[in-house]
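Student: Structure file model_20.tsv, TSV, C-alpha atoms, is pasted below:
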```
chain	number	residue	atom	x	y	z
Q	1	MET	CA	22.56	-14.92	-26.18
Q	2	GLU	CA	23.29	-14.47	-22.48
Q	3	LEU	CA	20.72	-13.40	-19.90
Q	4	THR	CA	22.47	-10.14	-19.04
Q	5	VAL	CA	20.61	-7.15	-17.63
Q	6	VAL	CA	21.13	-3.43	-17.07
Q	7	GLU	CA	18.70	-1.94	-14.53
Q	8	LEU	CA	18.00	1.81	-14.75
Q	9	PHE	CA	16.28	3.92	-12.07
Q	10	ALA	CA	16.78	0.77	-10.03
Q	11	GLY	CA	15.27	1.96	-6.74
Q	12	VAL	CA	15.58	-0.94	-4.32
Q	13	GLY	CA	15.81	-3.53	-7.09
Q	14	GLY	CA	12.24	-4.42	-8.08
Q	15	PHE	CA	13.08	-5.72	-11.55
Q	16	ARG	CA	15.94	-7.81	-10.16
Q	17	VAL	CA	13.73	-9.22	-7.40
Q	18	GLY	CA	11.17	-10.18	-10.02
Q	19	LEU	CA	13.49	-11.62	-12.67
Q	20	ASN	CA	15.48	-13.70	-10.22
Q	21	HIS	CA	12.45	-14.75	-8.13
Q	22	ILE	CA	13.96	-13.44	-4.90
Q	23	GLN	CA	11.90	-14.37	-1.85
Q	24	ASP	CA	14.35	-14.14	1.03
Q	25	ILE	CA	17.53	-12.61	2.44
Q	26	ASP	CA	20.43	-14.59	3.92
Q	27	ALA	CA	22.02	-14.09	7.36
Q	28	ASN	CA	24.40	-11.48	5.91
Q	29	GLY	CA	21.58	-9.42	4.45
Q	30	ARG	CA	22.25	-10.50	0.87
Q	31	ALA	CA	19.46	-11.43	-1.51
Q	32	ILE	CA	19.04	-15.13	-2.27
Q	33	GLU	CA	18.74	-15.10	-6.07
Q	34	ASN	CA	16.94	-18.05	-7.62
Q	35	GLY	CA	17.21	-17.12	-11.29
Q	36	ASP	CA	19.67	-17.10	-14.17
Q	37	TRP	CA	19.73	-13.37	-14.92
Q	38	ARG	CA	23.12	-11.69	-14.47
Q	39	PHE	CA	22.86	-7.99	-13.70
Q	40	VAL	CA	25.97	-6.43	-15.24
Q	41	TRP	CA	25.20	-2.83	-14.27
Q	42	ALA	CA	22.59	-0.88	-12.33
Q	43	ASN	CA	22.02	2.82	-11.77
Q	44	GLN	CA	20.14	4.48	-8.93
Q	45	PHE	CA	20.40	8.17	-8.09
Q	46	GLU	CA	17.99	10.33	-6.13
Q	47	PRO	CA	18.54	14.05	-6.89
Q	48	ALA	CA	18.78	16.48	-3.98
Q	49	LYS	CA	19.21	13.68	-1.42
Q	50	LYS	CA	22.28	13.74	0.83
Q	51	VAL	CA	21.71	10.13	1.88
Q	52	GLN	CA	21.01	7.74	-1.01
Q	53	HIS	CA	18.82	5.30	0.92
Q	54	ALA	CA	17.53	3.35	-2.10
Q	55	PHE	CA	21.03	2.88	-3.53
Q	56	ASP	CA	22.33	1.83	-0.11
Q	57	CYS	CA	19.58	-0.78	0.12
Q	58	TYR	CA	20.36	-2.04	-3.40
Q	59	THR	CA	24.06	-2.47	-2.64
Q	60	THR	CA	23.34	-4.08	0.74
Q	61	ARG	CA	21.23	-6.73	-0.96
Q	62	PHE	CA	23.33	-7.21	-4.11
Q	63	GLY	CA	26.82	-5.91	-3.36
Q	64	SER	CA	28.47	-2.78	-4.76
Q	65	GLU	CA	30.16	-4.18	-7.87
Q	66	ASN	CA	28.93	-2.64	-11.16
Q	67	HIS	CA	26.38	-0.45	-9.38
Q	68	SER	CA	26.32	3.28	-10.12
Q	69	ASN	CA	25.11	6.13	-7.90
Q	70	GLU	CA	25.75	8.82	-10.50
Q	71	ASP	CA	23.16	11.03	-12.18
Q	72	ILE	CA	22.26	8.97	-15.26
Q	73	HIS	CA	22.33	12.10	-17.40
Q	74	LEU	CA	26.05	12.45	-16.61
Q	75	VAL	CA	26.94	8.81	-17.28
Q	76	GLU	CA	28.90	8.21	-20.47
Q	77	LYS	CA	26.53	5.73	-22.11
Q	78	SER	CA	29.26	3.94	-24.08
Q	79	THR	CA	30.84	2.80	-20.79
Q	80	ILE	CA	27.76	0.80	-19.79
Q	81	PRO	CA	28.40	-2.95	-20.27
Q	82	ASN	CA	26.76	-4.76	-23.18
Q	83	HIS	CA	23.50	-6.46	-22.20
Q	84	SER	CA	20.63	-8.41	-23.71
Q	85	LEU	CA	17.86	-6.79	-21.63
Q	86	LEU	CA	17.50	-3.18	-20.48
Q	87	VAL	CA	14.93	-2.67	-17.70
Q	88	GLY	CA	13.65	0.28	-15.71
Q	89	GLY	CA	10.71	2.21	-14.35
Q	90	PHE	CA	10.96	5.86	-15.36
Q	91	PRO	CA	8.88	8.95	-14.44
Q	92	CYS	CA	5.93	10.10	-16.50
Q	93	GLN	CA	6.80	13.61	-17.67
Q	94	ASP	CA	6.33	15.92	-20.65
Q	95	TYR	CA	7.96	14.26	-23.66
Q	96	SER	CA	7.78	17.21	-26.04
Q	97	VAL	CA	10.84	17.74	-28.25
Q	98	ALA	CA	12.49	20.61	-30.08
Q	99	ARG	CA	15.23	21.31	-32.59
Q	100	SER	CA	18.66	21.50	-31.03
Q	101	LEU	CA	20.08	25.02	-31.07
Q	102	ALA	CA	23.58	23.61	-31.46
Q	103	ASN	CA	22.64	21.43	-34.41
Q	104	GLU	CA	19.77	22.59	-36.58
Q	105	GLN	CA	19.17	19.08	-37.87
Q	106	GLY	CA	19.23	17.44	-34.44
Q	107	ILE	CA	16.27	16.84	-32.15
Q	108	GLU	CA	16.49	17.02	-28.38
Q	109	GLY	CA	14.00	16.08	-25.70
Q	110	LYS	CA	12.63	18.30	-22.99
Q	111	LYS	CA	15.36	18.84	-20.38
Q	112	GLY	CA	15.33	16.57	-17.34
Q	113	VAL	CA	13.23	13.83	-18.90
Q	114	LEU	CA	14.83	10.48	-18.17
Q	115	PHE	CA	13.36	8.76	-21.22
Q	116	TRP	CA	15.97	10.53	-23.34
Q	117	ASP	CA	18.71	8.86	-21.30
Q	118	ILE	CA	17.09	5.54	-22.18
Q	119	LYS	CA	17.17	6.62	-25.81
Q	120	ASP	CA	20.88	7.50	-25.55
Q	121	ILE	CA	21.62	4.04	-24.15
Q	122	LEU	CA	19.71	2.43	-27.03
Q	123	VAL	CA	21.83	4.43	-29.47
Q	124	ALA	CA	25.12	3.59	-27.72
Q	125	LYS	CA	24.55	-0.06	-26.75
Q	126	LYS	CA	21.70	-1.34	-28.95
Q	127	PRO	CA	20.35	-3.88	-26.45
Q	128	PRO	CA	18.15	-6.36	-28.33
Q	129	PHE	CA	15.36	-6.24	-25.71
Q	130	VAL	CA	13.92	-3.59	-23.41
Q	131	LEU	CA	11.33	-3.85	-20.60
Q	132	LEU	CA	9.99	-0.63	-19.07
Q	133	GLU	CA	7.29	0.32	-16.57
Q	134	ASN	CA	5.37	3.57	-16.15
Q	135	VAL	CA	2.08	4.96	-14.85
Q	136	ASP	CA	-0.87	4.16	-17.10
Q	137	ARG	CA	-1.66	7.83	-17.74
Q	138	LEU	CA	1.36	7.87	-20.07
Q	139	LEU	CA	-0.94	6.50	-22.79
Q	140	LYS	CA	-3.17	9.58	-22.65
Q	141	SER	CA	-0.85	12.41	-21.63
Q	142	PRO	CA	-0.67	15.35	-21.81
Q	143	ALA	CA	-4.22	16.47	-21.07
Q	144	SER	CA	-4.02	19.09	-23.80
Q	145	ARG	CA	-2.86	16.64	-26.51
Q	146	ARG	CA	-4.03	13.15	-25.63
Q	147	GLY	CA	-1.59	10.44	-26.70
Q	148	ARG	CA	1.19	12.73	-27.86
Q	149	ASP	CA	3.77	11.67	-25.26
Q	150	PHE	CA	3.42	7.97	-25.96
Q	151	ALA	CA	3.42	8.64	-29.70
Q	152	VAL	CA	6.75	10.45	-29.29
Q	153	MET	CA	8.14	7.43	-27.45
Q	154	LEU	CA	6.87	4.98	-30.06
Q	155	LYS	CA	8.28	7.06	-32.90
Q	156	THR	CA	11.63	7.20	-31.08
Q	157	PHE	CA	11.73	3.41	-30.74
Q	158	ASP	CA	10.77	2.99	-34.39
Q	159	GLU	CA	13.49	5.34	-35.62
Q	160	LEU	CA	16.04	3.43	-33.53
Q	161	GLY	CA	15.02	0.12	-35.10
Q	162	TYR	CA	12.69	-1.34	-32.47
Q	163	GLY	CA	9.24	-2.86	-32.47
Q	164	VAL	CA	7.11	-2.30	-29.39
Q	165	GLN	CA	4.35	-4.02	-27.38
Q	166	TRP	CA	2.56	-2.67	-24.35
Q	167	ARG	CA	-0.16	-3.52	-21.87
Q	168	VAL	CA	-1.79	-1.79	-18.92
Q	169	LEU	CA	-1.72	-4.38	-16.14
Q	170	ASN	CA	-3.64	-4.24	-12.87
Q	171	ALA	CA	-1.75	-6.59	-10.55
Q	172	GLY	CA	-4.82	-7.12	-8.37
Q	173	GLU	CA	-6.67	-8.76	-11.28
Q	174	TYR	CA	-4.02	-11.48	-11.54
Q	175	GLY	CA	-3.80	-12.89	-8.02
Q	176	MET	CA	-1.47	-10.23	-6.62
Q	177	PRO	CA	-2.10	-8.23	-3.45
Q	178	GLN	CA	-2.45	-4.70	-4.85
Q	179	LYS	CA	-4.76	-2.91	-7.29
Q	180	ARG	CA	-1.86	-1.20	-9.01
Q	181	LYS	CA	-2.34	-0.25	-12.66
Q	182	ARG	CA	0.83	0.34	-14.62
Q	183	VAL	CA	1.77	0.21	-18.29
Q	184	PHE	CA	4.53	-2.23	-19.17
Q	185	ILE	CA	6.42	-1.72	-22.42
Q	186	PHE	CA	8.44	-4.37	-24.26
Q	187	ALA	CA	10.68	-3.28	-27.13
Q	188	TYR	CA	12.83	-5.45	-29.38
Q	189	LEU	CA	15.16	-4.87	-32.30
Q	190	LYS	CA	13.50	-5.48	-35.63
Q	191	SER	CA	16.44	-7.71	-36.58
Q	192	THR	CA	15.67	-10.29	-33.85
Q	193	LYS	CA	14.02	-13.64	-34.47
Q	194	TYR	CA	11.35	-12.60	-32.03
Q	195	ALA	CA	10.39	-9.54	-34.09
Q	196	ASN	CA	9.88	-11.73	-37.15
Q	197	ALA	CA	7.71	-14.17	-35.20
Q	198	VAL	CA	5.25	-11.61	-33.80
Q	199	SER	CA	2.08	-10.86	-35.70
Q	200	SER	CA	1.78	-7.14	-36.30
Q	201	ASP	CA	-2.01	-7.08	-35.94
Q	202	GLU	CA	-2.82	-9.90	-33.51
Q	203	LEU	CA	-2.83	-8.64	-29.94
Q	204	THR	CA	-3.05	-12.22	-28.69
Q	205	THR	CA	0.60	-12.68	-29.72
Q	206	CYS	CA	1.69	-9.84	-27.42
Q	207	LEU	CA	4.07	-11.01	-24.67
Q	208	PHE	CA	1.91	-9.46	-21.95
Q	209	ASN	CA	-1.32	-10.96	-23.23
Q	210	ILE	CA	0.22	-14.44	-23.19
Q	211	ALA	CA	1.48	-14.06	-19.63
Q	212	PHE	CA	-1.70	-12.32	-18.44
Q	213	PRO	CA	-4.66	-13.89	-20.31
Q	214	LEU	CA	-7.53	-11.82	-21.65
Q	215	GLN	CA	-11.25	-12.33	-21.46
Q	216	GLU	CA	-12.01	-9.88	-24.24
Q	217	ILE	CA	-10.29	-7.63	-26.80
Q	218	GLY	CA	-12.17	-4.48	-27.84
Q	219	ALA	CA	-12.41	-2.92	-31.28
Q	220	LEU	CA	-9.00	-2.48	-32.91
Q	221	ALA	CA	-7.70	1.02	-33.55
Q	222	LYS	CA	-4.89	1.75	-35.98
Q	223	THR	CA	-2.35	4.57	-35.87
Q	224	ASP	CA	0.27	5.02	-38.58
Q	225	LEU	CA	3.26	6.94	-37.25
Q	226	ASN	CA	4.83	6.80	-40.71
Q	227	ALA	CA	2.55	9.73	-41.50
Q	228	TYR	CA	4.91	11.88	-39.42
Q	229	GLU	CA	8.31	12.76	-40.83
Q	230	ASP	CA	10.17	12.48	-37.54
Q	231	ILE	CA	9.87	12.74	-33.77
Q	232	LEU	CA	9.55	16.52	-33.95
Q	233	ALA	CA	6.57	16.22	-36.31
Q	234	VAL	CA	4.90	13.83	-33.86
Q	235	SER	CA	5.55	16.23	-30.98
Q	236	ASN	CA	4.14	19.21	-32.89
Q	237	CYS	CA	1.28	17.62	-34.81
Q	238	PHE	CA	0.02	14.42	-33.18
Q	239	SER	CA	-3.67	14.81	-32.34
Q	240	GLU	CA	-5.15	11.33	-32.86
Q	241	GLY	CA	-6.03	10.81	-29.21
Q	242	LYS	CA	-4.99	8.43	-26.48
Q	243	PHE	CA	-3.60	4.95	-26.97
Q	244	PHE	CA	-5.62	2.03	-25.64
Q	245	ASP	CA	-4.69	-0.55	-23.00
Q	246	SER	CA	-2.74	-2.97	-25.21
Q	247	GLY	CA	-0.96	-2.60	-28.51
Q	248	ILE	CA	1.78	-3.61	-30.93
Q	249	MET	CA	3.89	-1.36	-33.16
Q	250	ASN	CA	5.66	-2.83	-36.16
Q	251	ASN	CA	7.58	-0.56	-38.55
Q	252	GLY	CA	5.69	2.48	-37.35
Q	253	ARG	CA	2.23	0.94	-37.79
Q	254	VAL	CA	0.34	0.61	-34.51
Q	255	VAL	CA	-2.60	-1.63	-33.65
Q	256	HIS	CA	-4.17	-1.13	-30.22
Q	257	ALA	CA	-7.35	-1.81	-28.27
Q	258	ASP	CA	-8.87	-1.78	-24.83
Q	259	VAL	CA	-8.83	-5.22	-23.25
Q	260	LEU	CA	-10.63	-7.01	-20.43
Q	261	ALA	CA	-8.52	-9.09	-18.04
Q	262	LYS	CA	-9.37	-12.71	-17.40
Q	263	GLY	CA	-9.60	-12.33	-13.64
Q	264	GLU	CA	-7.93	-14.71	-11.20
Q	265	PRO	CA	-8.51	-15.50	-7.49
Q	266	ILE	CA	-8.00	-12.53	-5.19
Q	267	TYR	CA	-4.97	-12.11	-2.94
Q	268	SER	CA	-6.49	-9.91	-0.24
Q	269	LEU	CA	-5.06	-7.30	2.08
Q	270	GLY	CA	-6.36	-9.44	4.95
Q	271	GLU	CA	-4.12	-12.31	3.82
Q	272	ILE	CA	-1.12	-9.98	3.79
Q	273	LEU	CA	-1.86	-8.86	7.35
Q	274	GLN	CA	-2.29	-12.45	8.50
Q	275	ASN	CA	0.93	-13.63	6.88
Q	276	ALA	CA	2.87	-10.68	8.26
Q	277	ALA	CA	1.50	-11.28	11.78
Q	278	GLN	CA	2.63	-14.90	11.73
Q	279	LEU	CA	6.16	-14.03	10.65
Q	280	TYR	CA	7.05	-10.65	12.08
Q	281	ASN	CA	6.14	-9.45	15.56
Q	282	GLU	CA	6.89	-5.91	16.67
Q	283	ASP	CA	5.54	-3.16	18.92
Q	284	MET	CA	2.24	-2.20	17.29
Q	285	ASN	CA	1.87	0.98	19.35
Q	286	VAL	CA	3.96	2.82	16.76
Q	287	TYR	CA	1.28	2.21	14.13
Q	288	ILE	CA	-1.90	2.71	16.18
Q	289	VAL	CA	-4.07	5.69	15.25
Q	290	ALA	CA	-5.08	7.57	18.39
Q	291	ASN	CA	-8.81	8.02	18.95
Q	292	ASP	CA	-8.53	11.81	18.78
Q	293	ARG	CA	-7.19	11.52	15.20
Q	294	LEU	CA	-9.90	9.24	13.85
Q	295	ASP	CA	-12.23	12.12	12.99
Q	296	LYS	CA	-9.54	13.63	10.76
Q	297	TRP	CA	-9.04	10.28	9.04
Q	298	LYS	CA	-12.80	9.95	8.47
Q	299	TYR	CA	-12.90	13.44	7.01
Q	300	LEU	CA	-10.01	12.73	4.66
Q	301	LYS	CA	-11.65	9.52	3.44
Q	302	GLY	CA	-15.12	11.04	3.11
Q	303	SER	CA	-16.81	12.66	0.13
Q	304	LYS	CA	-16.43	16.43	-0.23
Q	305	ARG	CA	-17.76	19.39	-2.18
Q	306	ILE	CA	-15.71	22.46	-1.37
Q	307	GLU	CA	-16.00	25.92	-2.90
Q	308	ARG	CA	-12.59	27.24	-3.93
Q	309	ARG	CA	-11.35	30.39	-5.60
Q	310	THR	CA	-8.44	30.83	-8.01
Q	311	ARG	CA	-5.98	33.72	-7.79
Q	312	SER	CA	-7.90	35.46	-10.55
Q	313	GLY	CA	-11.09	35.26	-8.49
Q	314	HIS	CA	-12.80	32.42	-10.38
Q	315	VAL	CA	-14.97	30.32	-8.08
Q	316	TYR	CA	-15.24	26.56	-8.62
Q	317	ILE	CA	-16.33	23.44	-6.73
Q	318	TYR	CA	-13.69	20.90	-5.74
Q	319	SER	CA	-15.15	17.46	-5.15
Q	320	GLU	CA	-13.88	14.06	-3.98
Q	321	GLY	CA	-15.65	10.74	-3.77
Q	322	LYS	CA	-15.91	8.61	-0.65
Q	323	MET	CA	-13.16	6.08	0.13
Q	324	ALA	CA	-13.43	3.00	2.34
Q	325	PHE	CA	-12.88	3.58	6.06
Q	326	PRO	CA	-11.36	1.35	7.26
Q	327	GLU	CA	-9.88	-0.62	4.34
Q	328	ASN	CA	-11.71	-3.60	2.90
Q	329	LEU	CA	-9.59	-6.54	4.00
Q	330	ASP	CA	-11.33	-8.92	1.59
Q	331	ALA	CA	-9.92	-7.13	-1.48
Q	332	PRO	CA	-6.37	-6.44	-2.64
Q	333	ALA	CA	-4.77	-3.30	-1.24
Q	334	ARG	CA	-5.33	-0.05	-3.07
Q	335	THR	CA	-2.45	1.47	-5.01
Q	336	MET	CA	0.29	2.54	-2.61
Q	337	LEU	CA	1.72	6.03	-3.07
Q	338	THR	CA	4.85	7.64	-1.70
Q	339	SER	CA	2.73	9.31	1.01
Q	340	GLU	CA	1.88	5.91	2.57
Q	341	GLY	CA	2.33	5.90	6.32
Q	342	THR	CA	1.27	9.54	6.74
Q	343	GLN	CA	-2.17	10.89	7.66
Q	344	ASN	CA	-3.25	11.28	4.07
Q	345	ARG	CA	-6.37	10.47	2.06
Q	346	SER	CA	-4.40	7.99	-0.04
Q	347	SER	CA	-2.86	6.12	2.92
Q	348	HIS	CA	-4.26	2.82	4.10
Q	349	ILE	CA	-5.91	2.67	7.53
Q	350	ILE	CA	-7.11	-0.69	8.83
Q	351	PHE	CA	-8.98	-2.03	11.83
Q	352	ASP	CA	-6.73	-4.69	13.34
Q	353	GLU	CA	-8.93	-7.19	15.20
Q	354	ARG	CA	-5.90	-8.71	16.94
Q	355	ILE	CA	-5.35	-5.51	18.92
Q	356	ASN	CA	-8.88	-4.11	18.50
Q	357	ARG	CA	-7.54	-0.77	17.26
Q	358	TYR	CA	-7.27	1.28	14.08
Q	359	ARG	CA	-3.75	1.49	12.66
Q	360	ILE	CA	-1.71	2.27	9.59
Q	361	LEU	CA	0.20	-0.37	7.66
Q	362	ARG	CA	3.62	-1.50	8.83
Q	363	PRO	CA	6.59	-1.11	6.44
Q	364	VAL	CA	6.94	-4.90	6.25
Q	365	GLU	CA	3.30	-5.15	5.13
Q	366	CYS	CA	3.95	-2.56	2.43
Q	367	GLU	CA	6.88	-4.64	1.20
Q	368	MET	CA	4.71	-7.75	1.06
Q	369	ILE	CA	1.99	-5.83	-0.83
Q	370	GLN	CA	4.63	-4.99	-3.46
Q	371	MET	CA	5.77	-8.64	-3.33
Q	372	PHE	CA	9.28	-7.89	-2.03
Q	373	PRO	CA	10.87	-10.17	0.57
Q	374	PRO	CA	9.81	-9.04	4.07
Q	375	ASN	CA	12.14	-6.46	5.65
Q	376	TRP	CA	13.83	-5.84	2.32
Q	377	THR	CA	14.11	-2.11	3.12
Q	378	ASP	CA	15.05	-2.33	6.81
Q	379	THR	CA	18.32	-0.61	5.88
Q	380	MET	CA	16.59	2.81	6.04
Q	381	PRO	CA	14.29	4.89	8.29
Q	382	ALA	CA	10.61	3.90	8.41
Q	383	LYS	CA	9.47	7.07	6.62
Q	384	THR	CA	11.77	6.30	3.72
Q	385	ARG	CA	10.65	2.66	3.64
Q	386	TYR	CA	7.10	3.83	2.95
Q	387	PHE	CA	8.35	6.24	0.29
Q	388	VAL	CA	10.41	3.71	-1.67
Q	389	MET	CA	7.58	1.17	-1.61
Q	390	GLY	CA	5.23	3.82	-2.97
Q	391	ASN	CA	7.69	4.23	-5.85
Q	392	ALA	CA	8.24	0.52	-6.44
Q	393	LEU	CA	6.57	-1.95	-8.79
Q	394	VAL	CA	4.72	-5.18	-7.99
Q	395	THR	CA	7.60	-7.60	-8.45
Q	396	GLY	CA	5.20	-10.47	-9.13
Q	397	ILE	CA	4.40	-8.92	-12.53
Q	398	VAL	CA	8.05	-9.26	-13.57
Q	399	SER	CA	8.33	-12.75	-12.07
Q	400	ARG	CA	5.40	-13.88	-14.18
Q	401	LEU	CA	6.92	-12.41	-17.34
Q	402	GLU	CA	10.34	-13.92	-16.61
Q	403	PRO	CA	9.95	-17.41	-18.15
Q	404	LEU	CA	8.69	-15.92	-21.41
Q	405	LEU	CA	11.47	-13.32	-21.51
Q	406	LYS	CA	14.05	-16.02	-20.85
Q	407	ARG	CA	12.70	-18.20	-23.64
Q	408	ILE	CA	12.63	-15.27	-26.09
Q	409	ILE	CA	16.22	-14.20	-25.39
Q	410	LEU	CA	17.74	-17.69	-25.34
Q	411	ASN	CA	15.96	-18.49	-28.61
Q	412	GLU	CA	18.00	-15.77	-30.33
Q	413	ASP	CA	20.97	-18.16	-30.30
```
Can you turn what I pasted into structure tokens?

Tutor:
Amino acid sequence: MELTVVELFAGVGGFRVGLNHIQDIDANGRAIENGDWRFVWANQFEPAKKVQHAFDCYTTRFGSENHSNEDIHLVEKSTIPNHSLLVGGFPCQDYSVARSLANEQGIEGKKGVLFWDIKDILVAKKPPFVLLENVDRLLKSPASRRGRDFAVMLKTFDELGYGVQWRVLNAGEYGMPQKRKRVFIFAYLKSTKYANAVSSDELTTCLFNIAFPLQEIGALAKTDLNAYEDILAVSNCFSEGKFFDSGIMNNGRVVHADVLAKGEPIYSLGEILQNAAQLYNEDMNVYIVANDRLDKWKYLKGSKRIERRTRSGHVYIYSEGKMAFPENLDAPARTMLTSEGTQNRSSHIIFDERINRYRILRPVECEMIQMFPPNWTDTMPAKTRYFVMGNALVTGIVSRLEPLLKRIILNED
């Protein structure tokens, strides 16, 4: 079996950077790929954007061949090339389903939810392996019906003939420079050799738990999705609660548990700043926080208890805990959001001893925190560079999974 990949919701190419261990760009601006994975098709489309900055960055680094800038919902799925691995990071939304009005027996997902486009590709192309990334709250959403959304996804995979593994990974616990918690999902056709080799009730056999060792596995919970007739029944009736940090589904039977990471040496924000300073000099005045704005920053980062009133007149207390001001340079960076670079509670503000001033992070530092090659996104305005890095994944997670994925897929021959 060939190492062929389709990358959905590709952004600026995080999965490709990780799988092919990309660390640098050549003199022509092209990525220097050090792996064996051949990306046969990629799709990136940002709705309501006149300029497609992420797609432009992707094609600058990888060329334009076989790369799509069309709304994935409009893509005819049968035209996508065959591939052995489908990858993508997709939004966390409401995954409720309903009967199709056009076909009483059919089931359709909530409009605008990109997971259903993944499902359509699985139906049309039947890739043997799938690797997805999402925010960790997917395992317990929505708030009104804990676990329902992930149960709908699992039931969908099961009905399409796939087994599933997942793990919530905090990159900062495994020697990477950001405390970013995300759930990674690995699905595989039940007909593969790999599916037959995986224990259905031993979480230690999970791909993610091999690549990212555990210190402890909590009490096992079991969820039998065979108790639900179909996806619609899961959507309407599931009420068994959230799914835990790591799990395996085999033929609709799910085993899952909370797990404790076996921590590794810290890669600190201070190291990122030092490495960036040695490699990339630029005018720091752009990033300095003026003294007259420091009080606002301190307020944003401070603890609060504020009385608020709803439109109906109900009075409640809104509270926030205290955040570090400035950032702790001896720890990994906090999770970057799309608001990075703005004066926002979630943005990083550091005290730079080299210039003896407070400042925000530089775009190149944000790239290094996400483990992209430095200046990967210099094809776009600075504001957009912050935004796309807030949307990206820690590529080091994928790089660490890569040897195992390669072995699994090549073993299918």

Student: Just checking: using only C-alpha atoms, which residue out of Q:Ile409, Q:Leu154, Q:Ala219, Q:Cys237 ends up closest to Arg253 in chain Q?

Tutor: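 Counting only C-alpha atoms, the residue closest to Arg253 in chain Q is Q:Leu154.
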
Student: Do you know which residues are at most 7 Å from Ile248 in chain Q counting only C-alpha atoms, after dropping those on the same chain fewer than 2 positions away, and could you put them as a CSV table (one decimal) with C-alpha atoms, in the coordinates of the input?

Tutor:
```
chain,number,residue,atom,x,y,z
Q,164,VAL,CA,7.1,-2.3,-29.4
Q,165,GLN,CA,4.4,-4.0,-27.4
Q,166,TRP,CA,2.6,-2.7,-24.4
Q,200,SER,CA,1.8,-7.1,-36.3
Q,203,LEU,CA,-2.8,-8.6,-29.9
Q,250,ASN,CA,5.7,-2.8,-36.2
Q,254,VAL,CA,0.3,0.6,-34.5
Q,255,VAL,CA,-2.6,-1.6,-33.6
Q,256,HIS,CA,-4.2,-1.1,-30.2
```

Student: If we count all atoms listed in the file, what is near Pro381 in chain Q at a cut-off of 12 Å, once residues fewer than 2 positions away on the same chain are taken out, given as a ChimeraX atom specification?

Tutor: /Q:51-54,57,363,375,377-379,383-388

Student: Atoms to include: C-alpha atoms. Write the selected residues as a PDB file, in the coordinates of the input.

Tutor:
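Dumped to result-v1.pdb:
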```
ATOM      1  CA  VAL Q  51      21.710  10.130   1.880  1.00  0.00           C
ATOM      2  CA  GLN Q  52      21.010   7.740  -1.010  1.00  0.00           C
ATOM      3  CA  HIS Q  53      18.820   5.300   0.920  1.00  0.00           C
ATOM      4  CA  ALA Q  54      17.530   3.350  -2.100  1.00  0.00           C
ATOM      5  CA  CYS Q  57      19.580  -0.780   0.120  1.00  0.00           C
ATOM      6  CA  PRO Q 363       6.590  -1.110   6.440  1.00  0.00           C
ATOM      7  CA  ASN Q 375      12.140  -6.460   5.650  1.00  0.00           C
ATOM      8  CA  THR Q 377      14.110  -2.110   3.120  1.00  0.00           C
ATOM      9  CA  ASP Q 378      15.050  -2.330   6.810  1.00  0.00           C
ATOM     10  CA  THR Q 379      18.320  -0.610   5.880  1.00  0.00           C
ATOM     11  CA  LYS Q 383       9.470   7.070   6.620  1.00  0.00           C
ATOM     12  CA  THR Q 384      11.770   6.300   3.720  1.00  0.00           C
ATOM     13  CA  ARG Q 385      10.650   2.660   3.640  1.00  0.00           C
ATOM     14  CA  TYR Q 386       7.100   3.830   2.950  1.00  0.00           C
ATOM     15  CA  PHE Q 387       8.350   6.240   0.290  1.00  0.00           C
ATOM     16  CA  VAL Q 388      10.410   3.710  -1.670  1.00  0.00           C
TER      17      VAL Q 388
END
```

Student: Which residues of range 94-213 of chain Q have any atom within 9 Å of an atom in range 74-79 of chain Q when counting only C-alpha atoms, and what is the closest pair of atoms for each, with the distance in Å to one decimal? Order the rows by chain and rising number and write it as CSV.

Tutor:
```
residue,atom,partner,partner_atom,distance
Q:Asp117,CA,Q:Lys77,CA,8.5
Q:Asp120,CA,Q:Lys77,CA,6.8
Q:Ile121,CA,Q:Lys77,CA,5.6
Q:Val123,CA,Q:Lys77,CA,8.8
Q:Ala124,CA,Q:Ser78,CA,5.5
Q:Lys125,CA,Q:Ser78,CA,6.7
```

Student: Pull C-alpha atoms from the residues just selected and write them as a CSV table (one decimal), keeping the file's coordinate frame.

Tutor:
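To be explicit, this is the file written out as again-v6.csv:
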```
chain,number,residue,atom,x,y,z
Q,117,ASP,CA,18.7,8.9,-21.3
Q,120,ASP,CA,20.9,7.5,-25.6
Q,121,ILE,CA,21.6,4.0,-24.2
Q,123,VAL,CA,21.8,4.4,-29.5
Q,124,ALA,CA,25.1,3.6,-27.7
Q,125,LYS,CA,24.6,-0.1,-26.8
```

Student: Work out how far CA of Gln370 in chain Q is from CA of Thr4 in chain Q, in Å to one decimal.

Tutor: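 Pair CA of Thr4 in chain Q / CA of Gln370 in chain Q returns 24.2 Å.
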
Student: Choose the residue, out of Q:Lys179, Q:Met371, Q:Glu264, Q:Arg38, that has the smallest atom-to-atom separation from Leu337 in chain Q; count all atoms listed in the file.

Tutor: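 Result for the nearest residue to Leu337 in chain Q: Q:Lys179.
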
Student: Take CA of Trp297 in chain Q and CA of Ala277 in chain Q and report the distance between them in Å, one decimal.

Tutor: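 Distance reported for this atom pair: 24.2 Å.
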
Student: Find, counting only C-alpha atoms, the residue in Q:Glu70, Q:Glu159, Q:Glu133, Q:Asp26 that gets nearest to Val398 in chain Q.

Tutor: Q:Glu133

Student: For a quick check of understanding, using all atoms listed in the file, which of Q:Thr395, Q:Thr59, Q:Asn251, Q:Thr223 has the smallest distance to Gly161 in chain Q?

Tutor: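 The closest residue to Gly161 in chain Q is Q:Asn251.
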
Student: Find the residues near Ile231 in chain Q: any atom within 7 Å, counting all atoms listed in the file, skip ones fewer than 6 places away on the same chain, and give them as a ChimeraX atom specification.

Tutor: /Q:152,155-156
